[in-house]
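Okay, final_5.pdb now, which holds PDB, C-alpha atoms and all ligand atoms:
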```pdb
MODEL        1
ATOM      1  CA  MET A1439      94.803 -64.868  10.500  1.00  0.00           C
ATOM      2  CA  ASN A1440      92.360 -66.012   7.884  1.00  0.00           C
ATOM      3  CA  ASP A1441      92.903 -62.818   5.949  1.00  0.00           C
ATOM      4  CA  LEU A1442      96.583 -63.528   5.798  1.00  0.00           C
ATOM      5  CA  ARG A1443      95.955 -67.027   4.472  1.00  0.00           C
ATOM      6  CA  ASP A1444      93.608 -65.699   1.798  1.00  0.00           C
ATOM      7  CA  LEU A1445      96.161 -63.149   0.804  1.00  0.00           C
ATOM      8  CA  ARG A1446      98.828 -65.838   0.516  1.00  0.00           C
ATOM      9  CA  SER A1447      96.748 -68.164  -1.615  1.00  0.00           C
ATOM     10  CA  ALA A1448      95.783 -65.260  -3.872  1.00  0.00           C
ATOM     11  CA  ARG A1449      99.464 -64.487  -4.316  1.00  0.00           C
ATOM     12  CA  TYR A1450     100.327 -68.093  -5.105  1.00  0.00           C
ATOM     13  CA  GLY A1451      97.484 -68.230  -7.587  1.00  0.00           C
ATOM     14  CA  ALA A1452      98.799 -65.167  -9.381  1.00  0.00           C
ATOM     15  CA  LEU A1453     102.320 -66.554  -9.322  1.00  0.00           C
ATOM     16  CA  ALA A1454     101.196 -69.854 -10.832  1.00  0.00           C
ATOM     17  CA  GLY A1455      99.380 -67.963 -13.558  1.00  0.00           C
ATOM     18  CA  THR A1456     102.468 -65.912 -14.349  1.00  0.00           C
ATOM     19  CA  LEU A1457     104.635 -69.028 -14.479  1.00  0.00           C
ATOM     20  CA  ALA A1458     102.225 -70.791 -16.815  1.00  0.00           C
ATOM     21  CA  LEU A1459     102.281 -67.773 -19.121  1.00  0.00           C
ATOM     22  CA  ALA A1460     106.069 -67.605 -19.053  1.00  0.00           C
ATOM     23  CA  LEU A1461     106.332 -71.299 -19.938  1.00  0.00           C
ATOM     24  CA  PHE A1462     103.865 -70.861 -22.758  1.00  0.00           C
ATOM     25  CA  ALA A1463     105.867 -67.933 -24.160  1.00  0.00           C
ATOM     26  CA  ALA A1464     109.156 -69.817 -23.793  1.00  0.00           C
ATOM     27  CA  SER A1465     107.814 -72.808 -25.704  1.00  0.00           C
ATOM     28  CA  GLY A1466     107.536 -70.637 -28.800  1.00  0.00           C
ATOM     29  CA  ALA A1467     103.770 -70.447 -28.395  1.00  0.00           C
ATOM     30  CA  GLN A1468     103.380 -71.107 -32.074  1.00  0.00           C
ATOM     31  CA  ALA A1469     101.273 -73.999 -33.192  1.00  0.00           C
ATOM     32  CA  ALA A1470     103.061 -76.110 -35.757  1.00  0.00           C
ATOM     33  CA  ASP A1471     101.429 -76.485 -39.138  1.00  0.00           C
ATOM     34  CA  VAL A1472     101.914 -80.099 -40.169  1.00  0.00           C
ATOM     35  CA  ALA A1473     100.570 -79.523 -43.713  1.00  0.00           C
ATOM     36  CA  LYS A1474     103.098 -76.753 -44.290  1.00  0.00           C
ATOM     37  CA  GLY A1475     105.773 -79.041 -42.895  1.00  0.00           C
ATOM     38  CA  LYS A1476     104.862 -81.702 -45.443  1.00  0.00           C
ATOM     39  CA  GLU A1477     104.921 -79.141 -48.263  1.00  0.00           C
ATOM     40  CA  LYS A1478     108.417 -77.969 -47.372  1.00  0.00           C
ATOM     41  CA  ALA A1479     109.597 -81.526 -46.785  1.00  0.00           C
ATOM     42  CA  ASP A1480     108.395 -82.587 -50.232  1.00  0.00           C
ATOM     43  CA  GLN A1481     110.116 -79.612 -51.873  1.00  0.00           C
ATOM     44  CA  VAL A1482     113.444 -79.787 -50.068  1.00  0.00           C
ATOM     45  CA  CYS A1483     114.126 -82.627 -47.652  1.00  0.00           C
ATOM     46  CA  ALA A1484     112.617 -85.557 -49.544  1.00  0.00           C
ATOM     47  CA  ALA A1485     115.494 -85.423 -52.058  1.00  0.00           C
ATOM     48  CA  CYS A1486     117.802 -86.890 -49.416  1.00  0.00           C
ATOM     49  CA  HIS A1487     115.620 -88.246 -46.619  1.00  0.00           C
ATOM     50  CA  GLY A1488     112.954 -89.826 -48.828  1.00  0.00           C
ATOM     51  CA  LYS A1489     109.370 -88.736 -49.350  1.00  0.00           C
ATOM     52  CA  ASP A1490     108.260 -90.754 -46.328  1.00  0.00           C
ATOM     53  CA  GLY A1491     111.221 -89.643 -44.193  1.00  0.00           C
ATOM     54  CA  ASN A1492     112.163 -93.266 -44.016  1.00  0.00           C
ATOM     55  CA  THR A1493     113.899 -94.049 -47.314  1.00  0.00           C
ATOM     56  CA  PRO A1494     117.100 -91.969 -47.392  1.00  0.00           C
ATOM     57  CA  ILE A1495     119.054 -91.923 -50.646  1.00  0.00           C
ATOM     58  CA  ASP A1496     122.154 -93.119 -48.826  1.00  0.00           C
ATOM     59  CA  PRO A1497     122.295 -95.543 -45.899  1.00  0.00           C
ATOM     60  CA  SER A1498     124.410 -93.056 -43.953  1.00  0.00           C
ATOM     61  CA  TYR A1499     121.593 -90.467 -44.081  1.00  0.00           C
ATOM     62  CA  PRO A1500     119.325 -90.628 -41.042  1.00  0.00           C
ATOM     63  CA  ARG A1501     115.673 -91.646 -40.980  1.00  0.00           C
ATOM     64  CA  LEU A1502     113.548 -88.786 -39.718  1.00  0.00           C
ATOM     65  CA  ALA A1503     110.153 -90.495 -39.677  1.00  0.00           C
ATOM     66  CA  GLY A1504     108.835 -91.064 -36.198  1.00  0.00           C
ATOM     67  CA  GLN A1505     111.620 -89.274 -34.366  1.00  0.00           C
ATOM     68  CA  HIS A1506     110.474 -87.041 -31.525  1.00  0.00           C
ATOM     69  CA  ALA A1507     109.551 -83.523 -32.664  1.00  0.00           C
ATOM     70  CA  ASP A1508     111.617 -82.109 -29.790  1.00  0.00           C
ATOM     71  CA  TYR A1509     114.674 -83.928 -31.016  1.00  0.00           C
ATOM     72  CA  LEU A1510     114.217 -82.936 -34.661  1.00  0.00           C
ATOM     73  CA  ARG A1511     113.682 -79.300 -33.679  1.00  0.00           C
ATOM     74  CA  HIS A1512     116.752 -79.364 -31.484  1.00  0.00           C
ATOM     75  CA  ALA A1513     118.883 -80.933 -34.229  1.00  0.00           C
ATOM     76  CA  LEU A1514     117.802 -78.349 -36.814  1.00  0.00           C
ATOM     77  CA  HIS A1515     118.533 -75.421 -34.485  1.00  0.00           C
ATOM     78  CA  ALA A1516     121.927 -76.974 -33.672  1.00  0.00           C
ATOM     79  CA  TYR A1517     122.814 -77.204 -37.379  1.00  0.00           C
ATOM     80  CA  GLN A1518     121.738 -73.579 -37.838  1.00  0.00           C
ATOM     81  CA  ALA A1519     123.947 -72.425 -34.990  1.00  0.00           C
ATOM     82  CA  ASP A1520     126.895 -74.640 -36.050  1.00  0.00           C
ATOM     83  CA  GLN A1521     126.672 -76.415 -32.708  1.00  0.00           C
ATOM     84  CA  ARG A1522     126.221 -79.568 -34.738  1.00  0.00           C
ATOM     85  CA  ARG A1523     128.526 -79.384 -37.687  1.00  0.00           C
ATOM     86  CA  ASN A1524     127.718 -81.019 -40.954  1.00  0.00           C
ATOM     87  CA  PRO A1525     128.328 -79.270 -44.266  1.00  0.00           C
ATOM     88  CA  ILE A1526     125.269 -80.768 -45.948  1.00  0.00           C
ATOM     89  CA  MET A1527     122.701 -80.287 -43.194  1.00  0.00           C
ATOM     90  CA  GLY A1528     124.226 -77.016 -42.002  1.00  0.00           C
ATOM     91  CA  ALA A1529     123.533 -75.526 -45.417  1.00  0.00           C
ATOM     92  CA  GLN A1530     119.998 -76.967 -45.428  1.00  0.00           C
ATOM     93  CA  ALA A1531     119.098 -75.775 -41.947  1.00  0.00           C
ATOM     94  CA  LYS A1532     120.311 -72.230 -42.544  1.00  0.00           C
ATOM     95  CA  GLN A1533     117.587 -71.805 -45.184  1.00  0.00           C
ATOM     96  CA  LEU A1534     114.839 -72.530 -42.636  1.00  0.00           C
ATOM     97  CA  SER A1535     112.808 -70.075 -40.574  1.00  0.00           C
ATOM     98  CA  ARG A1536     111.768 -70.833 -36.992  1.00  0.00           C
ATOM     99  CA  ALA A1537     108.274 -71.626 -38.244  1.00  0.00           C
ATOM    100  CA  ASP A1538     109.674 -73.972 -40.926  1.00  0.00           C
ATOM    101  CA  ILE A1539     111.523 -75.880 -38.212  1.00  0.00           C
ATOM    102  CA  GLU A1540     108.393 -76.195 -36.057  1.00  0.00           C
ATOM    103  CA  ASN A1541     106.371 -77.409 -39.034  1.00  0.00           C
ATOM    104  CA  LEU A1542     108.998 -79.850 -40.326  1.00  0.00           C
ATOM    105  CA  ALA A1543     109.618 -81.320 -36.864  1.00  0.00           C
ATOM    106  CA  SER A1544     105.883 -81.945 -36.420  1.00  0.00           C
ATOM    107  CA  TRP A1545     105.545 -83.435 -39.882  1.00  0.00           C
ATOM    108  CA  TYR A1546     108.379 -85.939 -39.540  1.00  0.00           C
ATOM    109  CA  ALA A1547     107.363 -86.822 -35.975  1.00  0.00           C
ATOM    110  CA  SER A1548     103.874 -87.675 -37.250  1.00  0.00           C
ATOM    111  CA  LEU A1549     105.170 -90.287 -39.710  1.00  0.00           C
ATOM    112  CA  PRO A1550     105.479 -93.950 -38.847  1.00  0.00           C
ATOM    113  CA  GLY A1551     109.032 -95.196 -38.735  1.00  0.00           C
ATOM    114  CA  PRO A1552     111.319 -97.656 -36.978  1.00  0.00           C
ATOM    115  CA  LEU A1553     112.095 -94.996 -34.390  1.00  0.00           C
ATOM    116  CA  SER A1554     108.511 -94.129 -33.513  1.00  0.00           C
ATOM    117  CA  HIS A1555     107.257 -95.454 -30.237  1.00  0.00           C
ATOM    118  CA  GLN A1556     104.071 -97.451 -30.130  1.00  0.00           C
ATOM    119  CA  ARG A1557     101.186 -95.343 -28.944  1.00  0.00           C
TER     120      ARG A1557
HETATM  121  C1  LIG A1601     121.465 -82.940 -49.683  1.00  0.00           C
HETATM  122  C2  LIG A1601     120.906 -83.956 -48.794  1.00  0.00           C
HETATM  123  C3  LIG A1601     120.017 -83.506 -47.647  1.00  0.00           C
HETATM  124  C4  LIG A1601     118.917 -82.669 -47.691  1.00  0.00           C
HETATM  125  C5  LIG A1601     118.323 -81.969 -48.916  1.00  0.00           C
HETATM  126  C6  LIG A1601     118.385 -82.610 -46.339  1.00  0.00           C
HETATM  127  N1  LIG A1601     119.143 -83.367 -45.499  1.00  0.00           N
HETATM  128 FE1  LIG A1601     118.852 -83.614 -43.500  1.00  0.00          FE
HETATM  129  N2  LIG A1601     120.508 -84.756 -43.357  1.00  0.00           N
HETATM  130  C7  LIG A1601     121.356 -85.056 -44.416  1.00  0.00           C
HETATM  131  C8  LIG A1601     122.522 -85.749 -43.900  1.00  0.00           C
HETATM  132  C9  LIG A1601     123.695 -86.279 -44.723  1.00  0.00           C
HETATM  133  C10 LIG A1601     122.353 -85.837 -42.505  1.00  0.00           C
HETATM  134  C11 LIG A1601     123.317 -86.420 -41.465  1.00  0.00           C
HETATM  135  C12 LIG A1601     124.221 -85.280 -41.013  1.00  0.00           C
HETATM  136  C13 LIG A1601     124.974 -85.553 -39.743  1.00  0.00           C
HETATM  137  O1  LIG A1601     125.682 -86.552 -39.657  1.00  0.00           O
HETATM  138  O2  LIG A1601     124.839 -84.739 -38.781  1.00  0.00           O
HETATM  139  C14 LIG A1601     121.079 -85.203 -42.210  1.00  0.00           C
HETATM  140  C15 LIG A1601     120.558 -85.096 -40.924  1.00  0.00           C
HETATM  141  C16 LIG A1601     119.356 -84.515 -40.622  1.00  0.00           C
HETATM  142  C17 LIG A1601     118.780 -84.422 -39.299  1.00  0.00           C
HETATM  143  C18 LIG A1601     119.368 -85.030 -38.018  1.00  0.00           C
HETATM  144  C19 LIG A1601     118.697 -86.368 -37.802  1.00  0.00           C
HETATM  145  C20 LIG A1601     119.197 -87.127 -36.602  1.00  0.00           C
HETATM  146  O3  LIG A1601     118.746 -88.279 -36.428  1.00  0.00           O
HETATM  147  O4  LIG A1601     119.993 -86.610 -35.814  1.00  0.00           O
HETATM  148  C21 LIG A1601     117.608 -83.757 -39.418  1.00  0.00           C
HETATM  149  C22 LIG A1601     116.639 -83.431 -38.305  1.00  0.00           C
HETATM  150  C23 LIG A1601     117.438 -83.420 -40.805  1.00  0.00           C
HETATM  151  N3  LIG A1601     118.526 -83.892 -41.513  1.00  0.00           N
HETATM  152  C24 LIG A1601     116.353 -82.737 -41.303  1.00  0.00           C
HETATM  153  C25 LIG A1601     116.268 -82.294 -42.620  1.00  0.00           C
HETATM  154  C26 LIG A1601     115.210 -81.448 -43.096  1.00  0.00           C
HETATM  155  C27 LIG A1601     114.040 -80.971 -42.254  1.00  0.00           C
HETATM  156  C28 LIG A1601     115.479 -81.182 -44.404  1.00  0.00           C
HETATM  157  C29 LIG A1601     114.706 -80.292 -45.347  1.00  0.00           C
HETATM  158  C30 LIG A1601     114.606 -78.889 -44.967  1.00  0.00           C
HETATM  159  C31 LIG A1601     116.702 -81.888 -44.744  1.00  0.00           C
HETATM  160  N4  LIG A1601     117.146 -82.543 -43.632  1.00  0.00           N
HETATM  161  C32 LIG A1601     117.282 -81.862 -45.982  1.00  0.00           C
HETATM  162  C33 LIG A1601     121.132 -84.773 -45.755  1.00  0.00           C
HETATM  163  C34 LIG A1601     120.149 -83.924 -46.243  1.00  0.00           C
ENDMDL
END
```
Please re-express this file's structure in structure tokens.
Amino acid sequence: MNDLRDLRSARYGALAGTLALALFAASGAQAADVAKGKEKADQVCAACHGKDGNTPIDPSYPRLAGQHADYLRHALHAYQADQRRNPIMGAQAKQLSRADIENLASWYASLPGPLSHQR
């Protein structure tokens, strides 16, 4: 009886390990490089969204500073896939690699802004 229990817990342990690995792989498993995000943001995005991500050149352009990285990443992938349609941002997003998106999302999320939550 005890043997059976041991066998079961060993199986569950292995299963949990496999699940953790799968989740890690699914998350992209690529650490974002905030410095590279800033570099790209300065070169490209600052022209419209402001150097601090918080001073857009037009009031209709969104503030990126302090938004959740998950949300920014999602928005950029949606523009790339034309799931979110905007001629300006669609064209911008299509120039970005997956790594660029990770880095940019982390950079803008790290900036203080009206949309950041108090930590
Ligand atoms: C030519 C001007 C311009 C440039 C350059 C630009 N954007 Fe945008 N961005 C916009 C506009 C306009 C919108 C709003 C589009 C819409 O309504 O969906 C926007 C929206 C966004 C959004 C969605 C924000 C939200 O709150 O939903 C993200 C994220 C974003 N831009 C990121 C970037 C990044 C990252 C770069 C640099 C690679 C960049 N943008 C470059 C004009 C620009």
Point to revise | Residues within 9 Å of ligand LIG 1601 (chain A), counting only C-alpha atoms and all ligand atoms, as a PyMOL selection string | key: chain A and resi 1475+1478-1487+1494-1496+1498-1502+1505+1509-1514+1517+1522-1531+1533-1534+1538-1539+1542-1543+1546
Review point. Expressed in Å to a single decimal, how great is the separation between CA of Asp1471 in chain A and CA of Leu1553 in chain A?
Key: 21.9 Å
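Computed from the coordinates, the CA of Pro1497 in chain A to CA of Ala1470 in chain A distance equals 29.2 Å.
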Check your understanding: In Å, with one decimal, what is the gap from CA of Val1472 in chain A to CA of Trp1545 in chain A?
Key ->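 That distance, rounded to one decimal, is 4.9 Å.
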Exercise for review: Considering all atoms listed in the file, state which residue in the set A:Arg1536, A:Ala1519, A:Pro1552, A:Lys1474 is at the smallest distance from Thr1493 in chain A.
Suggested key: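 Going through A:Arg1536, A:Ala1519, A:Pro1552, A:Lys1474 one by one, the smallest distance to Thr1493 in chain A is for A:Pro1552.
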Check your understanding: Which residue, A:Ala1507, A:Ala1537, A:Ala1516, A:Ala1469, has the smallest gap to Leu1549 in chain A when you use all atoms listed in the file?
Key -> A:Ala1507
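Considering all atoms listed in the file, the residue among A:Gly1488, A:Ala1473, A:Asp1508, A:Ser1554 positioned nearest to Asn1541 in chain A is A:Ala1473.
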